[in-house]
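Participant: Handing you this structure, nothing more for now.
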Amino acid sequence: MLDLKQLDNIFNADSLKQYNADEAALLRQRKKIRLIKIMFPAVAAALVGLLAVIPSLQDRNEFSIKISKPLRNEIEKLHVENSVLYVTDKSNRVNTFTAENIDETSPGSQLVKLQNPRGKMPTSDEHWIDIEAPTGFYDQNTKVFSLVDTVVAKYSDNMTARTEEMYYDSNESRAFGNKPIIADGKFGHINAEAFEYLTDKELLRFKGKTNIVTDATQFGSKIDINADKKVELYRSQQKLVATGNAVMTKAELKVNGDVLTAVFAKDKNGKNTISDFYGDGNVVVDNGKNKVFADHLKTFFKKSGGANSAIDRIEMTGNVKTKNAEGEVYAQKGVYYPDSGEVKLFDDVVIVKDGNHMRGDAAETN
């Protein structure tokens with residue numbers, strides 16, 4: 001036990017007189033060191049007591065400073081600010097994503113959350129896609145990005161798409177989403193229930209009920225395209241394929257079918273025109289006066305200025321039927337001329353008019 005009287009004697013000036021000046025100074029220095037050794041544990045004990053008292057003061061709202069410490073699992077989580085992610089796809093193209101913050105969702109999960117991610121995805125040619133969203137996730141095991149909330153994708157060929165979710169699988173070079181999507185560009189306007197984009201094939205697939213309205217300044221006239229299942233756009237081939245109760249309307253001409261295919265080309269004025277057109281399954285051609293039905297059709301265009309610009313004729317095969325106010329005609333083959341409304345039919349021709357049936361090898365109607 002510490003004897004306070006002995007401690008006082010240590011610092012008593014009279015006890016120092018028996019030493020000379022140098023020895024007395026040295027002794028004083030030693031005594032100071034001993035005092036420090038004694039005082040440090042006391043100060044430490046006082047600090048510990050203060051830390052013990054502070055939480056109780058906070059509980060009684062008597063102290064305004066809030067003290068907290070991170071949980072152990074929070075310390076173990078990955079946290080990076082102003083970071084850049086580089087992900088290589090199967091074609092060795094580098095996809096670059098930046099984010100304000102990257103946080104691991106749980107320690108060692110390999111799933112990270114990105115705040116305000118921004119990405120650039122190269123395509124198979126010189127074009128690219130810029131992507132941004134308020135929130136994103138990246139799975140380091142599967143190499144799949146998922147972007148949520150308001151996702152905006154800007155294609156370098158002047159097209160901007162907006163949706164509520166988007167996923168990008170870098171292993172497959174494939175982007176997709178299962179929420180409604182709206183896209184606008186120089187070609188026109190698109191509404192669809194979902195989408196998929198395969199960068200290697202330059203294939204943009206709109207799924208579910210889809211509506212496309214082309215820009216008249218780019219296509220010479222407005223074209224409405226509707227489909228119940230999907231519409232596929234093959235960029236490199238400039239081809240559009242609509243599937244599932246597909247309908248294409250241009251001016252007064254309307255075409256229905258299970259599958260409708262249109263191939264586009266530019267004319268001498270730089271406008272996009274349809275250079276090839278096919279229909280398969282339950283095809284109906286309607287010009288407002290006559291209707292022609294068939295299993296299959298192929299459209300032939302007039303040449304003008306180095307590109308196809310107007311329909312010359314439509315050839316049809318399989319269960320061909322033409323119908324107007326005067327009667328019906330059935331055949332296995334037919335040729336329809338939209339300009340004149342004339343239809344020529346061949347093979348097993350049956351004409352039904354006023355309750356009468358006439359049969360022959362060929363027939364014409366306008």
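Every chain in the structure tokens has a letter given in the order shown (A, B, ...), and although residue numbers restart at 1 in each chain, ligands are simply numbered from 1 in the order shown.
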Considering only strand (DSSP E or B) as DSSP defines it on the backbone, what residues of range 97-146 of chain A qualify? List them as a PyMOL selection string.

Facilitator: chain A and resi 97-104+111-115+118-122+128-132+135-139+144-146

Participant: State, in Å with one decimal place, the distance from CA of Val241 in chain A to CA of Glu315 in chain A.

Facilitator: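 CA of Val241 in chain A sits 19.0 Å away from CA of Glu315 in chain A.
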
Participant: Got a sec: who's within 6 Å of range 323-338 of chain A, counting only C-alpha atoms, leaving out chain neighbours fewer than 4 positions off, as a PyMOL selection string?

Facilitator: chain A and resi 290-291+313-319+342-353

Participant: I want to know what sits within 10 Å of Ser170 in chain A, based on only C-alpha atoms, with residues of the same chain fewer than 2 positions away left out; could you give that as a PyMOL selection string?

Facilitator: chain A and resi 87-95+121+142-145+167-168+172-175

Participant: Can you write just those residues out, N, CA, C and O atoms, as a compact mmCIF listing (two decimals), in the first residue's frame?

Facilitator:
# COMPACT_ATOMS: atom_id res chain seq x y z
N VAL A 87 -14.69 -4.97 -66.97
CA VAL A 87 -15.13 -6.35 -67.14
C VAL A 87 -14.98 -6.74 -68.61
O VAL A 87 -15.47 -6.04 -69.50
N THR A 88 -14.31 -7.84 -68.85
CA THR A 88 -14.08 -8.32 -70.21
C THR A 88 -15.12 -9.37 -70.58
O THR A 88 -15.37 -10.30 -69.82
N ASP A 89 -15.74 -9.22 -71.77
CA ASP A 89 -16.74 -10.19 -72.20
C ASP A 89 -16.08 -11.33 -72.96
O ASP A 89 -14.85 -11.39 -73.08
N LYS A 90 -16.91 -12.24 -73.49
CA LYS A 90 -16.37 -13.43 -74.14
C LYS A 90 -15.61 -13.11 -75.43
O LYS A 90 -14.81 -13.92 -75.89
N SER A 91 -15.85 -11.93 -75.99
CA SER A 91 -15.14 -11.52 -77.21
C SER A 91 -13.96 -10.61 -76.90
O SER A 91 -13.43 -9.94 -77.79
N ASN A 92 -13.57 -10.58 -75.61
CA ASN A 92 -12.44 -9.78 -75.14
C ASN A 92 -12.65 -8.28 -75.32
O ASN A 92 -11.69 -7.51 -75.40
N ARG A 93 -13.91 -7.86 -75.38
CA ARG A 93 -14.20 -6.44 -75.36
C ARG A 93 -14.30 -5.99 -73.91
O ARG A 93 -14.85 -6.69 -73.07
N VAL A 94 -13.79 -4.80 -73.62
CA VAL A 94 -13.77 -4.29 -72.25
C VAL A 94 -15.00 -3.43 -72.00
O VAL A 94 -15.26 -2.46 -72.73
N ASN A 95 -15.79 -3.80 -71.00
CA ASN A 95 -16.94 -3.02 -70.57
C ASN A 95 -16.53 -2.24 -69.33
O ASN A 95 -16.06 -2.82 -68.35
N MET A 121 -20.73 -0.02 -72.95
CA MET A 121 -20.65 -1.37 -73.51
C MET A 121 -20.36 -1.27 -75.01
O MET A 121 -21.15 -0.71 -75.77
N THR A 142 -20.79 -14.48 -61.17
CA THR A 142 -21.47 -14.71 -62.44
C THR A 142 -21.12 -13.65 -63.48
O THR A 142 -21.46 -13.81 -64.66
N LYS A 143 -20.48 -12.54 -63.08
CA LYS A 143 -20.13 -11.43 -63.96
C LYS A 143 -21.38 -10.84 -64.60
O LYS A 143 -21.41 -10.52 -65.78
N VAL A 144 -22.43 -10.70 -63.78
CA VAL A 144 -23.69 -10.12 -64.25
C VAL A 144 -23.94 -8.79 -63.54
O VAL A 144 -23.89 -8.72 -62.31
N PHE A 145 -24.17 -7.74 -64.31
CA PHE A 145 -24.59 -6.45 -63.79
C PHE A 145 -26.11 -6.40 -63.75
O PHE A 145 -26.78 -6.87 -64.66
N TYR A 167 -30.35 -5.95 -67.07
CA TYR A 167 -29.28 -6.87 -66.68
C TYR A 167 -28.30 -6.99 -67.84
O TYR A 167 -28.70 -6.98 -69.01
N TYR A 168 -27.02 -7.13 -67.49
CA TYR A 168 -26.01 -7.34 -68.53
C TYR A 168 -25.12 -8.50 -68.12
O TYR A 168 -24.43 -8.44 -67.10
N GLU A 172 -22.10 -13.69 -71.74
CA GLU A 172 -22.85 -13.93 -72.97
C GLU A 172 -22.93 -12.69 -73.86
O GLU A 172 -23.53 -12.76 -74.94
N SER A 173 -22.36 -11.59 -73.42
CA SER A 173 -22.48 -10.31 -74.16
C SER A 173 -23.95 -10.03 -74.46
O SER A 173 -24.34 -9.71 -75.59
N ARG A 174 -24.75 -10.11 -73.42
CA ARG A 174 -26.21 -10.02 -73.56
C ARG A 174 -26.80 -9.10 -72.51
O ARG A 174 -26.53 -9.23 -71.33
N ALA A 175 -27.61 -8.15 -72.97
CA ALA A 175 -28.35 -7.28 -72.08
C ALA A 175 -29.83 -7.61 -72.20
O ALA A 175 -30.31 -7.93 -73.29

Participant: Would you mind telling me which residue in A:Met358, A:Gly220, A:Pro134, A:Leu297 lies nearest to Lys268 in chain A when using only C-alpha atoms?

Facilitator: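 Nearest to Lys268 in chain A: A:Gly220.
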
Participant: Contacts of Ala216 in chain A at 10 Å or less, counting only C-alpha atoms, minus same-chain residues fewer than 2 places along, as a PyMOL selection string?

Facilitator: chain A and resi 186-188+213-214+218-223+271-272

Participant: Which residues, written as a PyMOL selection string, have at least one atom at most 6 Å from range 106-119 of chain A, with only C-alpha atoms counted and residues fewer than 2 positions away on the same chain left out?

Facilitator: chain A and resi 76-77+96-104+130-140

Participant: If you run DSSP over the backbone, which residues in range 96-272 of chain A end up alpha helix (DSSP H)? Put them as JSON, numbers by chain.

Facilitator: {"A": [216, 217, 218, 219]}

Participant: Residues within 12 Å of range 155-164 of chain A, please, as a ChimeraX atom specification. Count only C-alpha atoms; anything in the same chain fewer than 5 positions from it doesn't count.

Facilitator: /A:119-123,125-136,146-150,176-195,197,199,202,204,206,235

Participant: Suppose we keep C-alpha atoms; can you now write the selection as a compact mmCIF listing (two decimals), in the first residue's frame?

Facilitator:
# COMPACT_ATOMS: atom_id res chain seq x y z
CA GLY A 119 -21.24 2.09 -67.99
CA LYS A 120 -20.04 1.84 -71.57
CA MET A 121 -20.65 -1.37 -73.51
CA PRO A 122 -18.95 -1.82 -76.90
CA THR A 123 -20.78 -3.60 -79.73
CA ASP A 125 -18.71 -2.67 -84.70
CA GLU A 126 -17.70 0.93 -84.03
CA HIS A 127 -20.82 1.73 -82.03
CA TRP A 128 -21.32 1.52 -78.27
CA ILE A 129 -24.02 1.82 -75.59
CA ASP A 130 -23.85 4.20 -72.62
CA ILE A 131 -25.84 3.05 -69.57
CA GLU A 132 -26.71 4.85 -66.35
CA ALA A 133 -28.96 4.24 -63.34
CA PRO A 134 -29.31 5.39 -59.70
CA THR A 135 -28.54 1.92 -58.33
CA GLY A 136 -26.77 -1.18 -59.58
CA SER A 146 -28.10 -5.52 -62.68
CA LEU A 147 -29.31 -1.93 -62.88
CA VAL A 148 -32.57 -0.82 -61.27
CA ASP A 149 -34.84 2.19 -60.83
CA THR A 150 -34.68 4.58 -63.81
CA PHE A 176 -31.98 -7.88 -71.13
CA GLY A 177 -34.87 -6.63 -69.02
CA ASN A 178 -38.32 -7.89 -68.07
CA LYS A 179 -39.99 -4.53 -67.44
CA PRO A 180 -41.70 -2.25 -70.01
CA ILE A 181 -39.30 -0.27 -72.18
CA ILE A 182 -39.68 2.91 -74.23
CA ALA A 183 -37.16 3.81 -76.94
CA ASP A 184 -36.85 6.88 -79.13
CA GLY A 185 -34.48 7.75 -81.93
CA LYS A 186 -34.21 9.07 -85.45
CA PHE A 187 -36.05 5.95 -86.65
CA GLY A 188 -39.14 6.65 -84.53
CA HIS A 189 -40.75 5.46 -81.29
CA ILE A 190 -40.96 1.99 -79.66
CA ASN A 191 -43.07 0.61 -76.80
CA ALA A 192 -42.57 -2.98 -75.57
CA GLU A 193 -43.14 -5.16 -72.50
CA ALA A 194 -39.53 -6.41 -72.29
CA PHE A 195 -36.30 -6.50 -74.31
CA TYR A 197 -29.94 -7.19 -76.86
CA THR A 199 -24.19 -7.40 -78.93
CA GLU A 202 -26.35 -6.83 -83.33
CA LEU A 204 -32.31 -6.01 -80.54
CA PHE A 206 -38.48 -6.42 -78.11
CA ARG A 235 -29.03 -3.85 -87.18

Participant: Record the distance separating CA of Val259 in chain A and CA of Gly244 in chain A, expressed in Å with one decimal.

Facilitator: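 Calculated distance between CA of Val259 in chain A and CA of Gly244 in chain A is 6.4 Å.
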
Participant: Could you produce a table of the residues of range 134-241 of chain A lying within 10 Å of range 253-257 of chain A, with the nearest pair of atoms per residue and their separation in Å rounded to one decimal, using only C-alpha atoms, ordered by chain and increasing residue number, as CSV?

Facilitator:
residue,atom,partner,partner_atom,distance
A:Ile223,CA,A:Lys254,CA,9.9
A:Asp224,CA,A:Lys254,CA,9.3
A:Ile225,CA,A:Val255,CA,9.7
A:Asn226,CA,A:Asn256,CA,9.5
A:Ala227,CA,A:Gly257,CA,9.5

Participant: Using only all heavy atoms, please write the residues we just selected to a file, as a compact mmCIF listing (two decimals), in the first residue's frame.

Facilitator:
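As written to disk, out_5.txt reads:
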# COMPACT_ATOMS: atom_id res chain seq x y z
N ILE A 223 -44.82 4.39 -90.81
CA ILE A 223 -45.16 2.97 -90.83
C ILE A 223 -45.46 2.54 -89.40
O ILE A 223 -44.64 2.73 -88.50
CB ILE A 223 -44.01 2.11 -91.40
CG1 ILE A 223 -43.63 2.58 -92.80
CG2 ILE A 223 -44.41 0.64 -91.42
CD1 ILE A 223 -42.41 1.86 -93.37
N ASP A 224 -46.63 1.98 -89.18
CA ASP A 224 -47.00 1.44 -87.87
C ASP A 224 -46.76 -0.06 -87.87
O ASP A 224 -47.22 -0.77 -88.78
CB ASP A 224 -48.47 1.71 -87.56
CG ASP A 224 -48.73 3.15 -87.20
OD1 ASP A 224 -47.85 3.76 -86.55
OD2 ASP A 224 -49.79 3.69 -87.57
N ILE A 225 -46.07 -0.56 -86.84
CA ILE A 225 -45.77 -1.99 -86.73
C ILE A 225 -46.22 -2.45 -85.35
O ILE A 225 -45.84 -1.87 -84.33
CB ILE A 225 -44.26 -2.25 -86.90
CG1 ILE A 225 -43.79 -1.71 -88.25
CG2 ILE A 225 -43.96 -3.74 -86.79
CD1 ILE A 225 -42.29 -1.61 -88.38
N ASN A 226 -47.02 -3.50 -85.31
CA ASN A 226 -47.50 -4.05 -84.04
C ASN A 226 -47.32 -5.57 -84.05
O ASN A 226 -47.44 -6.21 -85.10
CB ASN A 226 -48.98 -3.72 -83.83
CG ASN A 226 -49.21 -2.25 -83.60
OD1 ASN A 226 -49.09 -1.77 -82.48
ND2 ASN A 226 -49.54 -1.54 -84.66
N ALA A 227 -47.02 -6.13 -82.88
CA ALA A 227 -46.90 -7.58 -82.74
C ALA A 227 -47.21 -7.97 -81.31
O ALA A 227 -46.96 -7.20 -80.38
CB ALA A 227 -45.51 -8.06 -83.13

Participant: Report the distance between CA of His296 in chain A and CA of Tyr278 in chain A in Å, rounded to one decimal place.

Facilitator: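 Between CA of His296 in chain A and CA of Tyr278 in chain A the gap is 7.6 Å.
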